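Since the structure comes first, as structure tokens, the remarks are kept for the end.
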Amino acid sequence: MPLASLPLLADWPAALLRLLLPLRCLVCGDPGHDDLDLCRACLADLPWSGRACLRCALPLPDNALIVCGSCREEAPPQAATHASLLYLPPVDQLLVRFKFHQDLAAGRLLAQLMQRAPPPWSCLPLVPVPLHDRRLRRRGYNQAAELCRLLPMPVWQGLYRRRHTAPQSERTAEQRRENLFDAFDVRGPVPPRLTVVDDVMTTGSTVMEIAETLRWVGAEEVRAWVCARVP
């Protein structure tokens, strides 16, 4: 058998799966494109994150410094933050479906998009933002942990949420920080460098509280990688 034929034979399960379950755009229903459940037009319209603050990933104008005014005034505890996308259509709808409606296909697509726009630094190991056990039982899965599972990178599972907190939505930035105060803790030794992974970053309160916790227990450097940043 020619050697050139071996990869084709090795790929036959994936090819068969695509015949039985062809790719379909999760936004409009048209045929998928480029090995994604996203059509060519919807892929072209994605709100990829562009120039942004190095510390908090807030979008910046092209002529701005690499750090926003808020982070220059008071630097956050994380050394850097990277957002693959902006929380705008259709990414916002996909994230809502993934997070609140058990649409794991949307989660798989979002993880694939994150791989196409990764941070410009080595991000090992990943640390998913944890859910409290009570919320995890109600939702059935942790969306941040699911993203980490779908990313081809090592994951550290030592971070946990020690206190059940109220939902962050409809709260101001200050109220979000107060709500999350002392909400996280760790089990076991902490790697010196970590990248916190979450689905959406709004004010950055969750990432900052986790970064402070990890640094307090010995992490030398904490960075963050989110699927989408609210502009």
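For the structure tokens, the naming scheme is as follows: chains receive sequential letters (A, B, ...) according to their order of presentation, residues are indexed from 1 within each chain, and ligands are indexed from 1 in presentation order.
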>> Give me, as a PyMOL selection string, all polymer residues having an atom no more than 12 Å from Pro189 (chain A), counting only C-alpha atoms and skipping those fewer than 3 positions away in the same chain.
In response: chain A and resi 156-159+185-186+192-193+214+217-219
Backbone DSSP call of helix (DSSP H, G or I) for chain A, listed as an mmCIF file with C-alpha atoms, in the first residue's frame:
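Result file is selection-v5.cif:
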data_model
loop_
_atom_site.group_PDB
_atom_site.id
_atom_site.type_symbol
_atom_site.label_atom_id
_atom_site.label_comp_id
_atom_site.auth_asym_id
_atom_site.auth_seq_id
_atom_site.Cartn_x
_atom_site.Cartn_y
_atom_site.Cartn_z
ATOM 1 C CA LEU A 3 2.517 5.429 2.123
ATOM 2 C CA ALA A 4 0.557 8.413 0.828
ATOM 3 C CA SER A 5 -2.641 6.431 1.404
ATOM 4 C CA LEU A 6 -2.039 5.842 5.104
ATOM 5 C CA PRO A 7 -3.160 9.272 6.352
ATOM 6 C CA LEU A 8 -6.356 8.912 4.354
ATOM 7 C CA LEU A 9 -7.075 5.560 5.982
ATOM 8 C CA ALA A 10 -6.205 6.959 9.393
ATOM 9 C CA TRP A 12 -11.620 7.556 7.831
ATOM 10 C CA PRO A 13 -13.531 7.741 11.172
ATOM 11 C CA ALA A 14 -13.618 11.552 10.976
ATOM 12 C CA ALA A 15 -14.581 11.431 7.297
ATOM 13 C CA LEU A 16 -17.387 8.960 8.047
ATOM 14 C CA LEU A 17 -18.630 11.146 10.893
ATOM 15 C CA ARG A 18 -18.772 14.157 8.571
ATOM 16 C CA LEU A 19 -20.808 12.143 6.065
ATOM 17 C CA LEU A 20 -23.286 11.144 8.755
ATOM 18 C CA ARG A 40 -18.072 31.122 5.568
ATOM 19 C CA ALA A 41 -20.096 34.331 5.987
ATOM 20 C CA CYS A 42 -20.550 34.000 9.761
ATOM 21 C CA LEU A 43 -16.880 33.137 10.180
ATOM 22 C CA ALA A 44 -15.936 36.287 8.269
ATOM 23 C CA GLY A 69 -5.744 54.266 31.798
ATOM 24 C CA SER A 70 -7.419 52.228 34.562
ATOM 25 C CA CYS A 71 -4.639 49.638 34.604
ATOM 26 C CA ARG A 72 -1.965 52.352 34.577
ATOM 27 C CA GLU A 73 -3.650 53.959 37.574
ATOM 28 C CA VAL A 91 -20.393 35.311 19.902
ATOM 29 C CA ASP A 92 -22.658 36.577 22.690
ATOM 30 C CA GLN A 93 -25.522 34.324 21.579
ATOM 31 C CA LEU A 94 -23.220 31.307 21.280
ATOM 32 C CA LEU A 95 -21.881 31.883 24.786
ATOM 33 C CA VAL A 96 -25.371 32.218 26.275
ATOM 34 C CA ARG A 97 -26.412 28.970 24.594
ATOM 35 C CA PHE A 98 -23.296 27.239 25.865
ATOM 36 C CA LYS A 99 -23.433 28.594 29.408
ATOM 37 C CA PHE A 100 -27.152 28.484 30.186
ATOM 38 C CA LEU A 104 -22.111 21.776 24.155
ATOM 39 C CA ALA A 105 -21.760 22.048 20.377
ATOM 40 C CA ALA A 106 -21.530 25.830 20.823
ATOM 41 C CA GLY A 107 -18.873 25.258 23.483
ATOM 42 C CA ARG A 108 -16.860 23.070 21.129
ATOM 43 C CA LEU A 109 -17.030 25.749 18.439
ATOM 44 C CA LEU A 110 -15.961 28.473 20.880
ATOM 45 C CA ALA A 111 -12.976 26.387 22.005
ATOM 46 C CA GLN A 112 -11.976 25.927 18.368
ATOM 47 C CA LEU A 113 -12.147 29.685 17.852
ATOM 48 C CA MET A 114 -10.025 30.254 20.954
ATOM 49 C CA GLN A 115 -7.374 27.970 19.469
ATOM 50 C CA ARG A 116 -7.343 30.148 16.353
ATOM 51 C CA ASP A 133 -20.628 22.528 43.903
ATOM 52 C CA ARG A 134 -24.197 23.759 44.349
ATOM 53 C CA ARG A 135 -24.197 25.642 41.050
ATOM 54 C CA LEU A 136 -22.304 22.855 39.293
ATOM 55 C CA ARG A 137 -24.995 20.347 40.278
ATOM 56 C CA ARG A 138 -27.714 22.673 39.021
ATOM 57 C CA ARG A 139 -26.021 23.483 35.688
ATOM 58 C CA GLN A 143 -18.352 26.032 31.108
ATOM 59 C CA ALA A 144 -14.777 27.176 31.850
ATOM 60 C CA ALA A 145 -13.683 23.617 32.628
ATOM 61 C CA GLU A 146 -15.367 22.431 29.440
ATOM 62 C CA LEU A 147 -13.402 24.973 27.395
ATOM 63 C CA CYS A 148 -10.181 23.791 29.053
ATOM 64 C CA ARG A 149 -11.073 20.171 28.295
ATOM 65 C CA LEU A 150 -11.474 21.041 24.620
ATOM 66 C CA ALA A 173 -17.790 46.410 39.411
ATOM 67 C CA GLU A 174 -17.381 47.203 43.113
ATOM 68 C CA GLN A 175 -20.281 44.923 44.062
ATOM 69 C CA ARG A 176 -18.786 42.125 41.957
ATOM 70 C CA ARG A 177 -15.477 42.351 43.819
ATOM 71 C CA GLU A 178 -17.264 42.348 47.182
ATOM 72 C CA ASN A 179 -19.382 39.386 46.106
ATOM 73 C CA LEU A 180 -16.272 37.342 45.242
ATOM 74 C CA SER A 205 -13.556 40.911 39.038
ATOM 75 C CA THR A 206 -13.436 37.118 38.852
ATOM 76 C CA VAL A 207 -10.019 36.999 37.209
ATOM 77 C CA MET A 208 -8.603 39.537 39.660
ATOM 78 C CA GLU A 209 -9.889 37.682 42.732
ATOM 79 C CA ILE A 210 -8.478 34.396 41.446
ATOM 80 C CA ALA A 211 -5.139 35.990 40.540
ATOM 81 C CA GLU A 212 -4.867 37.473 44.031
ATOM 82 C CA THR A 213 -5.685 34.095 45.580
ATOM 83 C CA LEU A 214 -3.125 32.221 43.470
ATOM 84 C CA ARG A 215 -0.407 34.756 44.108
ATOM 85 C CA TRP A 216 -1.160 34.722 47.836
#
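One distance worth recording is that between CA of Val222 (chain A) and CA of Arg55 (chain A), which is 10.9 Å.
The interatomic distance for the pair CA of Trp48 (chain A) and CA of Ala83 (chain A) works out to 8.6 Å.
You can rank A:Pro125, A:Pro152, A:Arg163, A:Arg51 by their closest distance to Leu194 (chain A) using only C-alpha atoms, and at the top of that list sits A:Pro125.
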> How many Å lie between CA of Val129 (chain A) and CA of Val196 (chain A), rounded to one decimal?
Replying inline: 6.7 Å
>> For Thr81 (chain A), find every residue with an atom within 10 Å (counting only C-alpha atoms), except residues of its own chain fewer than 6 positions away, and show them as a PyMOL selection string.
In response: chain A and resi 52-58+119+195-197+201+204+207+222-226+229
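The list of residues with at least one atom within 6 Å of Ser49 (chain A), based on only C-alpha atoms and without residues fewer than 3 positions apart in the same chain, reads A:Ser84, A:Leu85, A:Leu86.
Ranking A:Pro31, A:Pro191, A:Pro76, A:Pro90 by their shortest atom-to-atom distance to Leu126 (chain A), with only C-alpha atoms included, puts A:Pro191 first.
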